[in-house]
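Q: Here it is, the structure, as structure tokens.
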Amino acid sequence: MSQLLRVQNFNVSSDGIAAGEHQSFESPFGLPGAQALFSWAGATASWPHRTDPGGSRGLDDYFTRDFGHGIGAEIMGRNKFGPQRGPWADHEWRGWWGDEPPFHTPVFVMTHHPRPSFTLSDTTFHFVGGAPADVLERARAAAQGKDVRLGGGVTTVREFLDAGLVDTLHVAVSPVRFGSGLRLWESPEELLDRFHLEVVPSPSGVTHHLFWRR
């Protein structure tokens, strides 16, 4: 397969929850204690926001280091870009990431409400509507032969999974439970009719689930 659509380093709890229902500026994930989901990546030597030396090596570090490898464009849902809903009342909001977003590629933000594209550093954000397949076609054209990453959030990942468009999926399952919230799945076995699965535990306590299309 050429130009895969890849989900990478997507984090869920042991009960399949990736986010809460009450996102806000103060709570980007809408979920108290959400940092427990991605602390494994923050502990690695390759975590891009590390300010002190050290950090873990091994499996977790490999996934953190590999995040941008071979990626030419990203697709994300509007809720990953920011907490606003409805028409864009504040064009000053340019995402959670400041002046140096971590993507370094074109990013296609799915939304029903038009907004002009803009560029921060080497990342250009485009705001697009349409069906998942149409958005993927645009992202593949922008990726110039490289793969496209589907960045989330969980509702957007489910939408592309349901449309049969995801080629590979890496989900890091953390040993915490939230009980309620937005779920990627009730069980990873739900995807086995469409994907092969390999499960690899890490010394950090997370379990990496690696899916690839049948």
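Each chain in the structure tokens gets a letter, A, B and so on, in the order shown; residues start at 1 in every chain, and ligands are counted from 1 in the order they appear.
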List the neighbours of A:Phe103 out to 8 Å using only C-alpha atoms; skip same-chain residues closer than 3 positions along the sequence, and give me the result as a PyMOL selection string.
A: chain A and resi 68+74+106-107+123
Q: Those selected residues, please, written with N, CA and C atoms and delivered as a PDB file, in the first residue's frame.
A:
ATOM      1  N   GLY A  68       7.015  11.484  13.716  1.00  0.00           N
ATOM      2  CA  GLY A  68       6.987  12.241  12.481  1.00  0.00           C
ATOM      3  C   GLY A  68       7.567  11.536  11.277  1.00  0.00           C
ATOM      4  N   GLU A  74      -1.300  15.891   8.082  1.00  0.00           N
ATOM      5  CA  GLU A  74      -2.094  15.424   9.223  1.00  0.00           C
ATOM      6  C   GLU A  74      -3.537  15.835   9.024  1.00  0.00           C
ATOM      7  N   PRO A 106       1.480  20.186   6.322  1.00  0.00           N
ATOM      8  CA  PRO A 106       0.106  20.691   6.239  1.00  0.00           C
ATOM      9  C   PRO A 106      -0.806  19.916   7.201  1.00  0.00           C
ATOM     10  N   VAL A 107      -1.729  20.639   7.842  1.00  0.00           N
ATOM     11  CA  VAL A 107      -2.703  20.033   8.743  1.00  0.00           C
ATOM     12  C   VAL A 107      -4.096  20.399   8.256  1.00  0.00           C
ATOM     13  N   THR A 123       4.243  24.775   9.651  1.00  0.00           N
ATOM     14  CA  THR A 123       2.955  24.088   9.661  1.00  0.00           C
ATOM     15  C   THR A 123       1.876  25.018   9.124  1.00  0.00           C
TER      16      THR A 123
END
Q: Hey, what's within 9 Å of stretch 10-22 of chain A if we count only C-alpha atoms and toss same-chain stuff fewer than 3 positions away? As a compact mmCIF listing (two decimals) with N, CA, C and O atoms, in the first residue's frame, please?
A:
# COMPACT_ATOMS: atom_id res chain seq x y z
N VAL A 7 -2.77 6.09 12.31
CA VAL A 7 -3.03 6.64 13.64
C VAL A 7 -1.84 6.26 14.50
O VAL A 7 -1.49 5.08 14.59
N SER A 27 -9.22 22.69 30.27
CA SER A 27 -9.18 21.22 30.26
C SER A 27 -9.25 20.73 28.82
O SER A 27 -10.31 20.37 28.31
N PRO A 28 -8.10 20.72 28.10
CA PRO A 28 -8.10 20.38 26.68
C PRO A 28 -8.69 19.01 26.37
O PRO A 28 -9.26 18.81 25.29
N PHE A 29 -8.51 18.05 27.29
CA PHE A 29 -9.05 16.72 27.05
C PHE A 29 -10.43 16.53 27.67
O PHE A 29 -11.05 15.48 27.47
N GLY A 30 -10.89 17.51 28.43
CA GLY A 30 -12.20 17.39 29.05
C GLY A 30 -12.30 16.24 30.02
O GLY A 30 -13.39 15.71 30.26
N LEU A 31 -11.17 15.87 30.61
CA LEU A 31 -11.11 14.64 31.40
C LEU A 31 -10.15 14.86 32.56
O LEU A 31 -8.94 15.01 32.35
N PRO A 32 -10.63 14.90 33.80
CA PRO A 32 -9.73 15.03 34.94
C PRO A 32 -8.72 13.88 34.97
O PRO A 32 -9.08 12.72 34.80
N ALA A 34 -6.30 13.41 32.77
CA ALA A 34 -5.95 12.93 31.42
C ALA A 34 -4.46 12.75 31.23
O ALA A 34 -4.03 11.96 30.39
N ALA A 36 -2.49 11.12 32.79
CA ALA A 36 -2.11 9.72 33.01
C ALA A 36 -2.08 8.93 31.71
O ALA A 36 -1.41 7.90 31.62
N LEU A 37 -2.78 9.41 30.69
CA LEU A 37 -2.83 8.69 29.43
C LEU A 37 -1.54 8.82 28.63
O LEU A 37 -1.18 7.91 27.89
N PHE A 38 -0.88 9.96 28.72
CA PHE A 38 0.30 10.19 27.86
C PHE A 38 1.57 10.40 28.65
O PHE A 38 2.60 10.78 28.09
N GLY A 151 -4.74 12.39 13.40
CA GLY A 151 -4.31 12.77 14.74
C GLY A 151 -5.36 12.68 15.82
O GLY A 151 -5.03 12.74 16.99
N GLY A 152 -6.63 12.57 15.48
CA GLY A 152 -7.67 12.57 16.50
C GLY A 152 -8.54 13.81 16.38
O GLY A 152 -8.43 14.54 15.40
N GLY A 153 -9.38 14.07 17.37
CA GLY A 153 -9.60 13.28 18.55
C GLY A 153 -10.35 11.97 18.29
O GLY A 153 -10.47 11.51 17.16
N VAL A 154 -10.87 11.44 19.38
CA VAL A 154 -11.43 10.10 19.33
C VAL A 154 -12.63 10.01 18.40
O VAL A 154 -12.79 9.02 17.67
N LEU A 169 -2.90 1.44 12.92
CA LEU A 169 -3.38 2.09 14.14
C LEU A 169 -2.50 1.66 15.30
O LEU A 169 -2.35 0.46 15.54
N HIS A 170 -1.90 2.64 15.98
CA HIS A 170 -1.13 2.36 17.20
C HIS A 170 -1.85 3.02 18.36
O HIS A 170 -2.00 4.25 18.40
N VAL A 171 -2.30 2.21 19.31
CA VAL A 171 -3.02 2.70 20.49
C VAL A 171 -2.24 2.29 21.73
O VAL A 171 -1.94 1.11 21.93
N ALA A 172 -1.90 3.28 22.56
CA ALA A 172 -1.23 3.02 23.83
C ALA A 172 -2.29 2.99 24.93
O ALA A 172 -2.94 4.01 25.19
N VAL A 173 -2.48 1.83 25.54
CA VAL A 173 -3.50 1.64 26.57
C VAL A 173 -2.84 1.78 27.93
O VAL A 173 -1.95 1.00 28.29
N SER A 174 -3.28 2.79 28.69
CA SER A 174 -2.70 3.04 30.01
C SER A 174 -3.50 2.32 31.09
O SER A 174 -4.72 2.16 30.97
N PRO A 175 -2.84 1.93 32.18
CA PRO A 175 -3.50 1.15 33.23
C PRO A 175 -4.30 2.03 34.19
O PRO A 175 -4.11 2.01 35.41
N VAL A 176 -5.18 2.86 33.65
CA VAL A 176 -6.09 3.69 34.45
C VAL A 176 -7.50 3.49 33.89
O VAL A 176 -7.67 3.11 32.73
N ARG A 177 -8.49 3.75 34.72
CA ARG A 177 -9.89 3.67 34.30
C ARG A 177 -10.58 4.98 34.62
O ARG A 177 -10.37 5.56 35.69
N PHE A 178 -11.43 5.44 33.70
CA PHE A 178 -12.17 6.67 33.93
C PHE A 178 -13.66 6.45 34.11
O PHE A 178 -14.36 7.30 34.63
N GLY A 179 -14.18 5.33 33.63
CA GLY A 179 -15.58 5.01 33.86
C GLY A 179 -16.54 5.61 32.85
O GLY A 179 -17.47 4.95 32.41
N SER A 180 -16.31 6.87 32.49
CA SER A 180 -17.18 7.52 31.52
C SER A 180 -16.36 8.50 30.69
O SER A 180 -15.32 8.98 31.14
N GLY A 181 -16.85 8.78 29.50
CA GLY A 181 -16.15 9.68 28.59
C GLY A 181 -16.32 9.20 27.16
O GLY A 181 -17.18 8.36 26.86
N LEU A 182 -15.51 9.75 26.26
CA LEU A 182 -15.58 9.40 24.84
C LEU A 182 -14.68 8.19 24.59
O LEU A 182 -13.48 8.25 24.80
N ARG A 183 -15.27 7.11 24.10
CA ARG A 183 -14.56 5.84 23.97
C ARG A 183 -14.09 5.60 22.54
O ARG A 183 -14.82 5.87 21.59
N LEU A 184 -12.90 5.07 22.43
CA LEU A 184 -12.45 4.54 21.15
C LEU A 184 -13.10 3.19 20.90
O LEU A 184 -13.47 2.86 19.77
N TRP A 185 -13.23 2.40 21.97
CA TRP A 185 -13.82 1.06 21.86
C TRP A 185 -14.29 0.59 23.23
O TRP A 185 -13.92 1.15 24.27
N GLU A 186 -15.12 -0.42 23.23
CA GLU A 186 -15.41 -1.18 24.45
C GLU A 186 -14.32 -2.21 24.66
O GLU A 186 -13.92 -2.48 25.79
N SER A 187 -13.81 -2.77 23.56
CA SER A 187 -12.72 -3.74 23.59
C SER A 187 -11.98 -3.66 22.25
O SER A 187 -12.61 -3.49 21.20
N PRO A 188 -10.65 -3.81 22.25
CA PRO A 188 -9.93 -3.78 20.97
C PRO A 188 -10.33 -4.90 20.03
O PRO A 188 -10.12 -4.81 18.82
Q: For the atom pair atom CA of A:Arg50 and atom CA of A:Glu198, what is the interatomic distance in Å to one decimal place?
A: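 Atom-to-atom, atom CA of A:Arg50 and atom CA of A:Glu198 are spaced 29.4 Å apart.
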Q: Could you pull the residues within 12 Å of A:His69, counting only C-alpha atoms, minus those fewer than 5 positions along the same chain, as a list in words?
A: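 Close residues of A:His69: Arg6, Gln8, Tyr62, Phe63, Thr64, Phe103, His104, Thr105, Lys146, Asp147, Val148 and Arg149 of chain A.
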Q: Between A:Leu192, A:Met110, A:Gly54, A:Trp47, which one has atoms that come closest to A:Arg78, using only C-alpha atoms?
A: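 Going through A:Leu192, A:Met110, A:Gly54, A:Trp47 one by one, the smallest distance to A:Arg78 is for A:Met110.
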